[in-house]
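> My structure is below; once you've seen it, I'll send some questions.
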Protein chains: 2
Amino acid sequence: MKVTILGSGSATPSLLRNPSAQVLSDDYENYLIDCGESTQIQLIKAKIKTNKIKNIFISHLHGDHYFGLIGLISSFNLSHRTESLTIFGPKGLDEIITLQLKYAGTSLIYPLTFFELNTLEANLILETEHLTVYTIPLYHRIPCCGFLFKEKPKERKIIKEKIPVNATFEEIVLLKKGVDVLNFDQSVKYYYKDFTYEPIQNKIYAYCSDTAYNETIAEQIKGCHLLYHEATFRQDLLDRATSTNHSTAKQAGKIAQLAMAEKLLIGHFSSRYHDLSDNLLEAREIFENTQIALEGETYTI
Amino acid sequence: MKVTILGSGSATPSLLRNPSAQVLSDDYENYLIDCGESTQIQLIKAKIKTNKIKNIFISHLHGDHYFGLIGLISSFNLSHRTESLTIFGPKGLDEIITLQLKYAGTSLIYPLTFFELNTLEANLILETEHLTVYTIPLYHRIPCCGFLFKEKPKERKIIKEKIPVNATFEEIVLLKKGVDVLNFDQSVKYYYKDFTYEPIQNKIYAYCSDTAYNETIAEQIKGCHLLYHEATFRQDLLDRATSTNHSTAKQAGKIAQLAMAEKLLIGHFSSRYHDLSDNLLEAREIFENTQIALEGETYTI
């Protein structure tokens with residue numbers, strides 16, 4: 001999996017950064033996570049295939065996380081989209097989008113479904129053939145949750161040059177699943193380890209946007225390979241972070257440390273910060289393997 | 001008056017042009033006309049003073065004309081705006097904005113008023129000390145109107161070096177209004193023409209966005225100094241223009257000609273047009289004094 005950052009700014013508009021939006025991609029789908037104003041333009045710039053976006057996840061109804069959604073939904077219609085789209089978001093999102101479509105006189109030509117999130121619980125909200133998605137309860141001024149993406153265990157890969165020419169399709173399926181193939185007398189015909197590679201590890205991505213520092217988050221996302229955590233402020237503005245239910249770079253580092261994450265990506269930067277090197281250093285003091293979420297950049301998980 | 005173009009694109013998102021938005025400015029106010037997605041960023045780029053925006057005019061509820069409004073309203077709050085704001089728009093705009101503010105948990109700290117437009121009639125909707133604004137009924141797929149801005153007649157300007165030293169304040173006020181000052185015996189004490197210049201002509205600006213070709217528009221805006229008229233297509237796509245209730249460059253030229261406008265600015269270009277020179281030539285065949293509405297450019301009226 002990989003994640004492409006479309007916006008790493010916060011609520012105040014700025015020429016430096018766009019509001020929150022990012023795309024998680026695997027071999028099958030592009031998952032759009034939050035959709036601030038201008039996300040559709042950022043998607044074009046990043047050359048993301050929008051017909052592979054089948055699921056959109058909105059963390060909460062502050063505008064810097066969803067004001068670009070109605071534009072994207074409308075543009076999908078203009079571009080003759082046929083693929084169905086599901087939008088996961090808090091209560092109110094369906095009502096807002098439906099009202100705007102009504103007054104625009106727009107009848108969508110593709111199927112659109114809303115899934116209302118319970119932001120207070122860690123619930124399984126999506127399961128595909130390749131991935132599961134859970135909500136992560138966050139601690140903000142309005143109902144808000146993050147999203148935990150877990151790849152499903154993958155099949156082992158066949159070692160082509162070793163596979164016996166007379167092995168049947170069913171036998172190969174068993175080997176890929178890590179099961180030895182037996183003869184009628186229960187003796188082993190093919191040991192799966194002889195004919196297959198170890199599967200690539202199933203990765204975990206945690207997206208935590210707009211939250212006060214809270215260690216219960218770390219418990220749920222324990223062992224994730226990449227954590228995106230908001231870091232609106234630096235530690236010298238801890239009071240402001242606390243009063244607005246946001247985090248500092250140091251606090252983001254602490255959550256990554258407690259979660260024993262592999263990597264940390266910080267974002268949702270206040271527009272007051274032009275140079276982000278001190279924000280990065282602050283997080284790295286706690287959690288070394290930290291990077292700044294740069295717009296247009298893609299990070300492999 | 002002068003008008004600054006913030007967006008001259010149409011509905012399909014494009015890296016070439018932003019959706020509709022422009023600012024009409026006089027010495028006193030900035031009037032924002034339409035507010036497509038990203039208008040708040042375009043305002044920053046164009047260095048427009050937003051505290052001088054007291055009135056916003058939304059022509060209709062297709063997203064490329066108003067999806068940037070909620071972001072702007074929210075950002076005004078974040079920037080501690082205190083000036084009151086009035087939004088003129090069709091039925092539904094108040095409901096949409098109010099719903100979005102509700103779910104964001106936002107209480108505005110500045111006074112916001114909605115004025116619901118009757119888009120079917122040419123009504124006076126705003127009168128300030130310096131200007132009047134009328135709706136222009138347009139012919140689109142949903143309720144839609146343009147806006148006619150008329151400067152009020154200005155006072156004559158005093159010729160400082162000629163003004164008698166013993167003239168009273170009241171006498172000068174009369175001269176500026178174009179009234180001769182009389183003695184008690186009704187003989188003329190000061191001829192106003194001797195002491196004042198002709199006033200600068202009061203200008204008229206007509207904004208006609210998203211409309212099928214309709215000659216009744218020309219009647220209402222007759223004699224305007226600048227006409228902004230949509231020209232989504234070129235004449236070879238006349239059928240498409242007709243079926244979508246849009247205009248071609250040639251039709252925009254015809255309306256300018258019929259209205260005996262001084263200048264024509266064409267905009268709202270389909271994203272299919274990269275090079276707009278043929279669009280310009282098509283309009284100029286009918287109406288010579290035509291220009292392309294270029295983003296970031298300011299046109300004096």
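Chain identifiers are assigned as A, B, and so on, following the order in which chains appear in the structure tokens; residues are numbered from 1 within each chain, and ligands are numbered from 1 in order of appearance.
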May I have a table of the residues of chain B lying at most 9 Å from chain A, giving each one's closest pair of atoms and their distance in Å to one decimal, counting only C-alpha atoms, ordered by chain and ascending residue number, as a tab-separated table?

residue	atom	partner	partner_atom	distance
B:Ala11	CA	A:Ser75	CA	7.6
B:Thr12	CA	A:Ser75	CA	6.2
B:Pro13	CA	A:Ile41	CA	6.7
B:Ser14	CA	A:Ile41	CA	7.0
B:Leu15	CA	A:Ile41	CA	6.9
B:Glu37	CA	A:Ser38	CA	6.6
B:Ser38	CA	A:Ser38	CA	6.1
B:Gln40	CA	A:Pro13	CA	7.2
B:Ile41	CA	A:Pro13	CA	6.7
B:Ile44	CA	A:Leu15	CA	7.8
B:Lys45	CA	A:Leu15	CA	7.8
B:His60	CA	A:Ala104	CA	8.3
B:Leu61	CA	A:Ala104	CA	5.3
B:His62	CA	A:Ala104	CA	5.0
B:Gly63	CA	A:Gly71	CA	6.7
B:Asp64	CA	A:Gly71	CA	8.0
B:Phe67	CA	A:Gly71	CA	7.0
B:Gly68	CA	A:Glu37	CA	7.7
B:Ile70	CA	A:Phe67	CA	7.7
B:Gly71	CA	A:Gly63	CA	6.7
B:Leu72	CA	A:Pro13	CA	8.9
B:Ser74	CA	A:Gly63	CA	7.8
B:Ser75	CA	A:Thr12	CA	6.2
B:Leu78	CA	A:Thr12	CA	6.9
B:Ser79	CA	A:Thr12	CA	8.0
B:Lys91	CA	A:Tyr103	CA	8.4
B:Gly92	CA	A:Tyr103	CA	6.5
B:Leu93	CA	A:Tyr103	CA	8.4
B:Glu95	CA	A:Leu99	CA	8.5
B:Ile96	CA	A:Gln100	CA	6.7
B:Leu99	CA	A:Ile96	CA	6.8
B:Gln100	CA	A:Ile96	CA	6.7
B:Leu101	CA	A:His62	CA	8.8
B:Tyr103	CA	A:Leu61	CA	6.2
B:Ala104	CA	A:His62	CA	5.0
B:Gly105	CA	A:Ile142	CA	6.8
B:Thr106	CA	A:His62	CA	8.9
B:Arg141	CA	A:Gly105	CA	8.1
B:Ile142	CA	A:Gly105	CA	6.8
> Residues at most 8 Å from B:Ala261, counting only C-alpha atoms, excluding those fewer than 5 positions away in the same chain, as a ChimeraX atom specification?
/B:222-227,256
> Find the residues near B:Phe147: any atom within 10 Å, counting only C-alpha atoms, skip ones fewer than 6 places away on the same chain, and give them as a ChimeraX atom specification.
/B:33,57-59,122-125,133-138,205-209,221
> Using DSSP secondary structure from the backbone, list all helix (DSSP H, G or I) positions within stretch 21-161 of chain A, as JSON, numbers by chain.
{"A": [39, 40, 41, 42, 43, 44, 45, 50, 51, 52, 63, 64, 65, 69, 70, 71, 72, 73, 74, 75, 76, 77, 78, 93, 94, 95, 96, 97, 98, 99, 100, 101, 102, 103, 104, 160, 161]}
> Within 8 Å of B:Val181, counting only C-alpha atoms, which residues qualify if same-chain residues fewer than 4 places away don't, as a count of residues only?
8
> As an exercise, work out the distance from atom CA of A:Gln220 to atom CA of A:Arg17 in Å and give it to one decimal place.
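Interatomic distance here is 29.6 Å.
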> Just to confirm, what's the straight-line distance from atom CA of A:Ile158 to atom CA of A:Phe195 in Å (one decimal)?
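A separation of 6.0 Å between them.
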> Give me the residues near A:Arg272 as a PyMOL selection string, where near means some atom within 10 Å (using only C-alpha atoms) and where sequence neighbours in that chain fewer than 3 positions away do not count.
chain A and resi 12+14+16+232-233+269+275
> Can you write out the residues you just picked, keeping N, CA and C atoms, as a short mmCIF file (atom, residue, chain, number, x, y, z; two decimals), in the first residue's frame?

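Saved file part_9.cif follows:
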data_model
loop_
_atom_site.label_atom_id
_atom_site.label_comp_id
_atom_site.auth_asym_id
_atom_site.auth_seq_id
_atom_site.Cartn_x
_atom_site.Cartn_y
_atom_site.Cartn_z
N THR A 12 -7.32 27.35 8.22
CA THR A 12 -7.12 28.67 7.62
C THR A 12 -6.54 28.53 6.21
N SER A 14 -4.54 28.98 2.83
CA SER A 14 -3.14 29.36 2.71
C SER A 14 -2.64 29.01 1.32
N LEU A 16 0.32 28.06 1.00
CA LEU A 16 1.38 27.08 1.28
C LEU A 16 0.89 25.65 1.16
N THR A 232 -0.96 19.86 14.40
CA THR A 232 -1.32 21.22 14.00
C THR A 232 -0.33 22.24 14.55
N PHE A 233 0.11 22.01 15.79
CA PHE A 233 0.97 23.01 16.46
C PHE A 233 2.31 22.42 16.87
N PHE A 269 -0.90 20.96 9.31
CA PHE A 269 -0.11 22.04 9.91
C PHE A 269 -0.85 23.37 9.91
N ASP A 275 8.11 27.34 7.43
CA ASP A 275 9.18 26.33 7.45
C ASP A 275 8.79 25.28 8.49
#
> Just to confirm, what's the straight-line distance from atom CA of A:Ile159 to atom CA of A:Ile172 in Å (one decimal)?
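Between these atoms lies a distance of 10.7 Å.
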> I need the strand (DSSP E) residues of stretch 200-284 of chain B per DSSP on the backbone, written as a PyMOL selection string.
chain B and resi 204-208+226-230+263-267
> Between B:Gln22, B:Thr196, B:Ser84, B:Ser187, which one has atoms that come closest to B:Glu295, using only C-alpha atoms?
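When distances to B:Glu295 are compared using only C-alpha atoms, the smallest one comes from B:Gln22.
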> For each of B:His274, B:Lys2, B:Lys47, B:Lys157, take the minimum atom-to-atom distance to B:Ser25, counting only C-alpha atoms, then give the residue where this is smallest.
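Under the stated criterion, the closest residue is B:Lys2.
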> For stretch 111-114 of chain B, list every protein, DNA or RNA residue within 7 Å, evaluated using only C-alpha atoms, and leave out those in the same chain fewer than 5 positions away; present the list as a PyMOL selection string.
chain B and resi 84-88+94
> Those same residues - N, CA, C and O atoms - I'd like them written as a PDB file, in the first residue's frame.

ATOM      1  N   SER B  84     -20.319  43.073   8.937  1.00  0.00           N
ATOM      2  CA  SER B  84     -21.482  42.289   8.536  1.00  0.00           C
ATOM      3  C   SER B  84     -21.357  41.899   7.065  1.00  0.00           C
ATOM      4  O   SER B  84     -20.625  42.536   6.299  1.00  0.00           O
ATOM      5  N   LEU B  85     -22.055  40.830   6.720  1.00  0.00           N
ATOM      6  CA  LEU B  85     -21.979  40.303   5.350  1.00  0.00           C
ATOM      7  C   LEU B  85     -23.395  39.975   4.883  1.00  0.00           C
ATOM      8  O   LEU B  85     -24.171  39.388   5.641  1.00  0.00           O
ATOM      9  N   THR B  86     -23.729  40.385   3.664  1.00  0.00           N
ATOM     10  CA  THR B  86     -25.020  40.030   3.081  1.00  0.00           C
ATOM     11  C   THR B  86     -24.780  39.177   1.846  1.00  0.00           C
ATOM     12  O   THR B  86     -23.920  39.506   1.024  1.00  0.00           O
ATOM     13  N   ILE B  87     -25.521  38.089   1.770  1.00  0.00           N
ATOM     14  CA  ILE B  87     -25.394  37.203   0.614  1.00  0.00           C
ATOM     15  C   ILE B  87     -26.706  37.192  -0.162  1.00  0.00           C
ATOM     16  O   ILE B  87     -27.761  36.883   0.396  1.00  0.00           O
ATOM     17  N   PHE B  88     -26.607  37.575  -1.429  1.00  0.00           N
ATOM     18  CA  PHE B  88     -27.764  37.574  -2.330  1.00  0.00           C
ATOM     19  C   PHE B  88     -27.699  36.296  -3.153  1.00  0.00           C
ATOM     20  O   PHE B  88     -26.705  36.070  -3.861  1.00  0.00           O
ATOM     21  N   ASP B  94     -29.451  29.843   1.691  1.00  0.00           N
ATOM     22  CA  ASP B  94     -29.507  30.027   3.142  1.00  0.00           C
ATOM     23  C   ASP B  94     -29.571  28.661   3.840  1.00  0.00           C
ATOM     24  O   ASP B  94     -28.793  28.367   4.768  1.00  0.00           O
TER      25      ASP B  94
END
> Quick one: everything within 10 Å of A:Val23, counting only C-alpha atoms, minus sequence neighbours fewer than 4 positions away in the same chain. Send it as a ChimeraX atom specification.
/A:2-6,29-35,43,46,48,53,56,298
